[in-house]
Amino acid sequence: MFSGIFKNLGMDLGTANTIIYAYDKGYIVNEPSVIAFKNGNSNGYKILSIGIEAKKMMGKTGREIKVIRPLADGVIADFAAGEALIKSFIKRANVPSFLLNRMIVGVPTGITSVEKKAIIDSALSAGARKVYLVYEPMAAAIGVGVDILGQHANMIVDIGGGTTDIAVINYGGIVVDNALRLASDEMNDAIIRYMKNTYYLDIGELTAEKIKIEHGIAYKDCDEKQFKVTGIDH
Ligand SMILES: Nc1ncnc2c1ncn2[C@@H]1O[C@H](COP(=O)(O)OP(=O)(O)OP(=O)(O)O)[C@@H](O)[C@H]1O
Ligand SMILES: [Mg+2]
């Protein structure tokens with residue numbers, strides 16, 4: 001009789017961004033996987049902000065405030081912070097934990113059983129009654145309308161913040177996969193290194209990401225562009 005009021009959520013807990021989808025409401029969270037704490041450690045410390053607001057604080061705070069991304073390479077690296085992030089996002093989605101039923105969470109194909117357990121435990125502690133994991137390339141294939149049940153194999157390449165997940169899918173399953181722990185974050189790091197080595201300029205992660213998105217290009221032969229970059233001379 002009450003089954004209709006229970007919420008089932010889908011979550012893409014990404015290194016860079018977290019997306020939560022509710023069957024009846026659509027996308028309810030789409031924000032950076034960033035959390036800001038007072039006093040450095042996530043255990044028992046006060047959460048100052050999460051998501052967009054926390055990302056704005058990156059690289060701009062003093063020592064008593066820590067702005068962190070609890071996920072690295074597509075999995076939870078800081079368990080307490082990861083759990084706090086999931087709980088806060090679910091709260092933001094306005095789903096009381098007593099109404100939260102099933103959660104389906106996307107995970108990279110290369111995930112270990114310990115890493116799977118960390119994600120399941122975090123979702124359970126956020127209030128979910130049952131937690132299911134789905135490999136991210138499989139979810140991506142379904143999302144873009146690939147016929148995953150057909151005999152013809154399709155290759156999905158998902159370049160995220162922390163992982164590049166590549167999988168070949170047919171007959172409803174993954175035939176081969178490879179999850180490289182090398183993705184968009186490493187492009188940001190390369191830009192930071194380049195600015196330091198070439199222009200002796202220290203730039204933050206946010207500036208590097210902006211340069212990548214606004215000026216990055218995948219073709220080798222392209223016209224040179226000029227733009228201004230702000231950083232600290234060293
Ligand atoms: N137009 C763009 N050009 C280049 N990079 C982009 C662009 N838009 C977003 N990105 C980069 O994509 C990354 C985020 O991708 P996505 O949201 O798929 O990652 P994620 O799912 O959180 O990470 P993962 O799957 O590795 O855990 C960020 O590093 C961001 O800078
Ligand atoms: Mg992803």
# chains A, B, ... in the order shown; residues from 1 in each chain; ligands from 1
>>> residues_near_ligand(ligand="ligand 1", cutoff="6 Å", atoms="only C-alpha atoms and all ligand atoms", output="ChimeraX atom specification")
/A:14-17,73-74,160-163,184-185,209,212-213
>>> write_last_selection(atoms="N, CA and C atoms", output="short mmCIF file (atom, residue, chain, number, x, y, z; two decimals), in the first residue's frame")
data_model
loop_
_atom_site.label_atom_id
_atom_site.label_comp_id
_atom_site.auth_asym_id
_atom_site.auth_seq_id
_atom_site.Cartn_x
_atom_site.Cartn_y
_atom_site.Cartn_z
N GLY A 14 30.91 10.05 -8.87
CA GLY A 14 32.13 10.21 -9.67
C GLY A 14 33.24 10.90 -8.91
N THR A 15 34.45 10.75 -9.41
CA THR A 15 35.60 11.42 -8.81
C THR A 15 35.43 12.94 -8.89
N ALA A 16 34.87 13.40 -10.02
CA ALA A 16 34.71 14.84 -10.22
C ALA A 16 33.30 15.31 -9.86
N ASN A 17 32.28 14.57 -10.30
CA ASN A 17 30.90 15.00 -10.10
C ASN A 17 30.01 13.86 -9.61
N ASP A 73 40.35 8.15 -8.32
CA ASP A 73 40.32 7.07 -9.31
C ASP A 73 38.97 6.34 -9.34
N GLY A 74 37.89 7.08 -9.11
CA GLY A 74 36.55 6.50 -9.23
C GLY A 74 36.05 5.75 -8.00
N GLY A 160 36.30 9.93 -17.39
CA GLY A 160 35.79 10.71 -16.26
C GLY A 160 36.89 11.59 -15.67
N GLY A 161 36.72 11.96 -14.40
CA GLY A 161 37.75 12.74 -13.74
C GLY A 161 38.92 11.85 -13.35
N GLY A 162 38.61 10.70 -12.74
CA GLY A 162 39.67 9.82 -12.23
C GLY A 162 39.91 8.55 -13.01
N THR A 163 38.90 8.08 -13.74
CA THR A 163 39.09 6.82 -14.48
C THR A 163 38.62 6.94 -15.92
N SER A 184 40.74 12.70 -16.87
CA SER A 184 40.73 14.16 -16.95
C SER A 184 41.55 14.86 -15.86
N ASP A 185 41.61 14.28 -14.65
CA ASP A 185 42.39 14.90 -13.57
C ASP A 185 43.87 15.00 -13.96
N GLU A 209 41.66 23.41 -14.81
CA GLU A 209 40.46 22.81 -15.41
C GLU A 209 39.80 23.77 -16.40
N LYS A 212 41.75 23.83 -19.57
CA LYS A 212 41.48 22.59 -20.32
C LYS A 212 40.15 22.68 -21.07
N ILE A 213 39.09 23.11 -20.36
CA ILE A 213 37.76 23.13 -20.97
C ILE A 213 37.63 24.23 -22.02
#
>>> residues_around(residues="Leu133 in chain A", least_positions_apart="6", cutoff="8 Å", atoms="only C-alpha atoms", output="list in words")
Ile104, Val105, Gly106 and Val107 of chain A
>>> select_by_dssp(residues="range 8-209 of chain A", states="alpha helix (DSSP H)", output="MDAnalysis selection string")
chainID A and resid 52:57 79:92 113:125 136:143 184:199 205:209
>>> closest_residue(among="A:Ala208, A:Met11, A:Ile50, A:Met195", to="ligand 2", atoms="only C-alpha atoms and all ligand atoms")
A:Met11
>>> select_by_dssp(residues="range 24-212 of chain A", states="strand (DSSP E)", output="count of residues only")
60
>>> residues_around(residues="Ile120 in chain A", least_positions_apart="5", cutoff="12 Å", atoms="only C-alpha atoms", output="PDB file with N, CA and C atoms, in the first residue's frame")
ATOM      1  N   MET A  11      22.671   6.544  -8.452  1.00  0.00           N
ATOM      2  CA  MET A  11      23.739   7.499  -8.137  1.00  0.00           C
ATOM      3  C   MET A  11      24.997   7.200  -8.944  1.00  0.00           C
ATOM      4  N   LEU A  13      28.471   8.147  -8.477  1.00  0.00           N
ATOM      5  CA  LEU A  13      29.379   8.753  -7.503  1.00  0.00           C
ATOM      6  C   LEU A  13      30.733   8.904  -8.199  1.00  0.00           C
ATOM      7  N   VAL A  75      36.876   5.649  -6.949  1.00  0.00           N
ATOM      8  CA  VAL A  75      36.427   4.931  -5.745  1.00  0.00           C
ATOM      9  C   VAL A  75      36.664   5.782  -4.497  1.00  0.00           C
ATOM     10  N   ILE A  76      36.007   5.372  -3.380  1.00  0.00           N
ATOM     11  CA  ILE A  76      36.113   6.164  -2.153  1.00  0.00           C
ATOM     12  C   ILE A  76      37.508   6.004  -1.534  1.00  0.00           C
ATOM     13  N   PHE A  79      36.979   7.299   3.479  1.00  0.00           N
ATOM     14  CA  PHE A  79      35.689   6.691   3.767  1.00  0.00           C
ATOM     15  C   PHE A  79      34.746   7.650   4.507  1.00  0.00           C
ATOM     16  N   GLY A  82      33.627  10.395   2.275  1.00  0.00           N
ATOM     17  CA  GLY A  82      32.755   9.843   1.231  1.00  0.00           C
ATOM     18  C   GLY A  82      31.347   9.635   1.769  1.00  0.00           C
ATOM     19  N   GLU A  83      31.289   9.061   2.955  1.00  0.00           N
ATOM     20  CA  GLU A  83      30.002   8.807   3.596  1.00  0.00           C
ATOM     21  C   GLU A  83      29.274  10.134   3.872  1.00  0.00           C
ATOM     22  N   ILE A  86      27.894  11.505   0.562  1.00  0.00           N
ATOM     23  CA  ILE A  86      26.683  10.805   0.098  1.00  0.00           C
ATOM     24  C   ILE A  86      25.481  11.225   0.953  1.00  0.00           C
ATOM     25  N   ARG A 102      15.673   1.539  -2.451  1.00  0.00           N
ATOM     26  CA  ARG A 102      16.817   0.955  -3.156  1.00  0.00           C
ATOM     27  C   ARG A 102      17.707   2.029  -3.741  1.00  0.00           C
ATOM     28  N   MET A 103      19.017   1.743  -3.753  1.00  0.00           N
ATOM     29  CA  MET A 103      19.944   2.644  -4.437  1.00  0.00           C
ATOM     30  C   MET A 103      20.779   1.822  -5.401  1.00  0.00           C
ATOM     31  N   ILE A 104      20.916   2.334  -6.617  1.00  0.00           N
ATOM     32  CA  ILE A 104      21.779   1.673  -7.584  1.00  0.00           C
ATOM     33  C   ILE A 104      22.935   2.631  -7.853  1.00  0.00           C
ATOM     34  N   VAL A 105      24.151   2.148  -7.660  1.00  0.00           N
ATOM     35  CA  VAL A 105      25.319   3.026  -7.728  1.00  0.00           C
ATOM     36  C   VAL A 105      26.269   2.543  -8.830  1.00  0.00           C
ATOM     37  N   GLY A 106      26.684   3.466  -9.670  1.00  0.00           N
ATOM     38  CA  GLY A 106      27.632   3.143 -10.743  1.00  0.00           C
ATOM     39  C   GLY A 106      29.053   3.036 -10.190  1.00  0.00           C
ATOM     40  N   VAL A 107      29.777   2.008 -10.651  1.00  0.00           N
ATOM     41  CA  VAL A 107      31.170   1.834 -10.194  1.00  0.00           C
ATOM     42  C   VAL A 107      32.063   1.529 -11.391  1.00  0.00           C
ATOM     43  N   SER A 113      36.997  -5.728  -4.433  1.00  0.00           N
ATOM     44  CA  SER A 113      35.876  -6.061  -3.548  1.00  0.00           C
ATOM     45  C   SER A 113      35.878  -5.178  -2.297  1.00  0.00           C
ATOM     46  N   VAL A 114      37.058  -4.760  -1.848  1.00  0.00           N
ATOM     47  CA  VAL A 114      37.131  -3.867  -0.677  1.00  0.00           C
ATOM     48  C   VAL A 114      36.507  -2.507  -1.037  1.00  0.00           C
ATOM     49  N   GLU A 115      36.820  -2.045  -2.260  1.00  0.00           N
ATOM     50  CA  GLU A 115      36.275  -0.756  -2.704  1.00  0.00           C
ATOM     51  C   GLU A 115      34.756  -0.840  -2.894  1.00  0.00           C
ATOM     52  N   SER A 125      24.712   3.322   5.098  1.00  0.00           N
ATOM     53  CA  SER A 125      24.714   4.227   6.251  1.00  0.00           C
ATOM     54  C   SER A 125      24.002   5.540   5.930  1.00  0.00           C
ATOM     55  N   ALA A 126      23.842   5.831   4.629  1.00  0.00           N
ATOM     56  CA  ALA A 126      23.062   7.020   4.247  1.00  0.00           C
ATOM     57  C   ALA A 126      21.563   6.730   4.292  1.00  0.00           C
ATOM     58  N   GLY A 127      21.197   5.471   4.554  1.00  0.00           N
ATOM     59  CA  GLY A 127      19.780   5.153   4.752  1.00  0.00           C
ATOM     60  C   GLY A 127      19.180   4.169   3.764  1.00  0.00           C
ATOM     61  N   ALA A 128      19.927   3.810   2.715  1.00  0.00           N
ATOM     62  CA  ALA A 128      19.358   2.896   1.714  1.00  0.00           C
ATOM     63  C   ALA A 128      19.114   1.521   2.339  1.00  0.00           C
ATOM     64  N   ARG A 129      17.970   0.911   1.969  1.00  0.00           N
ATOM     65  CA  ARG A 129      17.699  -0.440   2.492  1.00  0.00           C
ATOM     66  C   ARG A 129      18.455  -1.485   1.696  1.00  0.00           C
ATOM     67  N   LYS A 130      18.503  -1.287   0.377  1.00  0.00           N
ATOM     68  CA  LYS A 130      19.240  -2.231  -0.478  1.00  0.00           C
ATOM     69  C   LYS A 130      20.107  -1.437  -1.428  1.00  0.00           C
ATOM     70  N   VAL A 131      21.314  -1.935  -1.668  1.00  0.00           N
ATOM     71  CA  VAL A 131      22.222  -1.224  -2.573  1.00  0.00           C
ATOM     72  C   VAL A 131      22.663  -2.178  -3.684  1.00  0.00           C
ATOM     73  N   TYR A 132      22.545  -1.726  -4.916  1.00  0.00           N
ATOM     74  CA  TYR A 132      22.996  -2.515  -6.056  1.00  0.00           C
ATOM     75  C   TYR A 132      24.095  -1.730  -6.765  1.00  0.00           C
ATOM     76  N   LEU A 133      25.092  -2.437  -7.274  1.00  0.00           N
ATOM     77  CA  LEU A 133      26.147  -1.769  -8.031  1.00  0.00           C
ATOM     78  C   LEU A 133      25.998  -2.111  -9.516  1.00  0.00           C
ATOM     79  N   VAL A 134      26.269  -1.135 -10.365  1.00  0.00           N
ATOM     80  CA  VAL A 134      26.231  -1.381 -11.815  1.00  0.00           C
ATOM     81  C   VAL A 134      27.537  -0.845 -12.385  1.00  0.00           C
TER      82      VAL A 134
END
>>> closest_residue(among="A:Arg181, A:Lys66, A:Lys7, A:Lys25", to="ligand 2", atoms="only C-alpha atoms and all ligand atoms")
A:Arg181
>>> closest_residue(among="A:Ala118, A:Ile174, A:Leu99, A:Ala179", to="Val157 in chain A", atoms="only C-alpha atoms")
A:Ala179
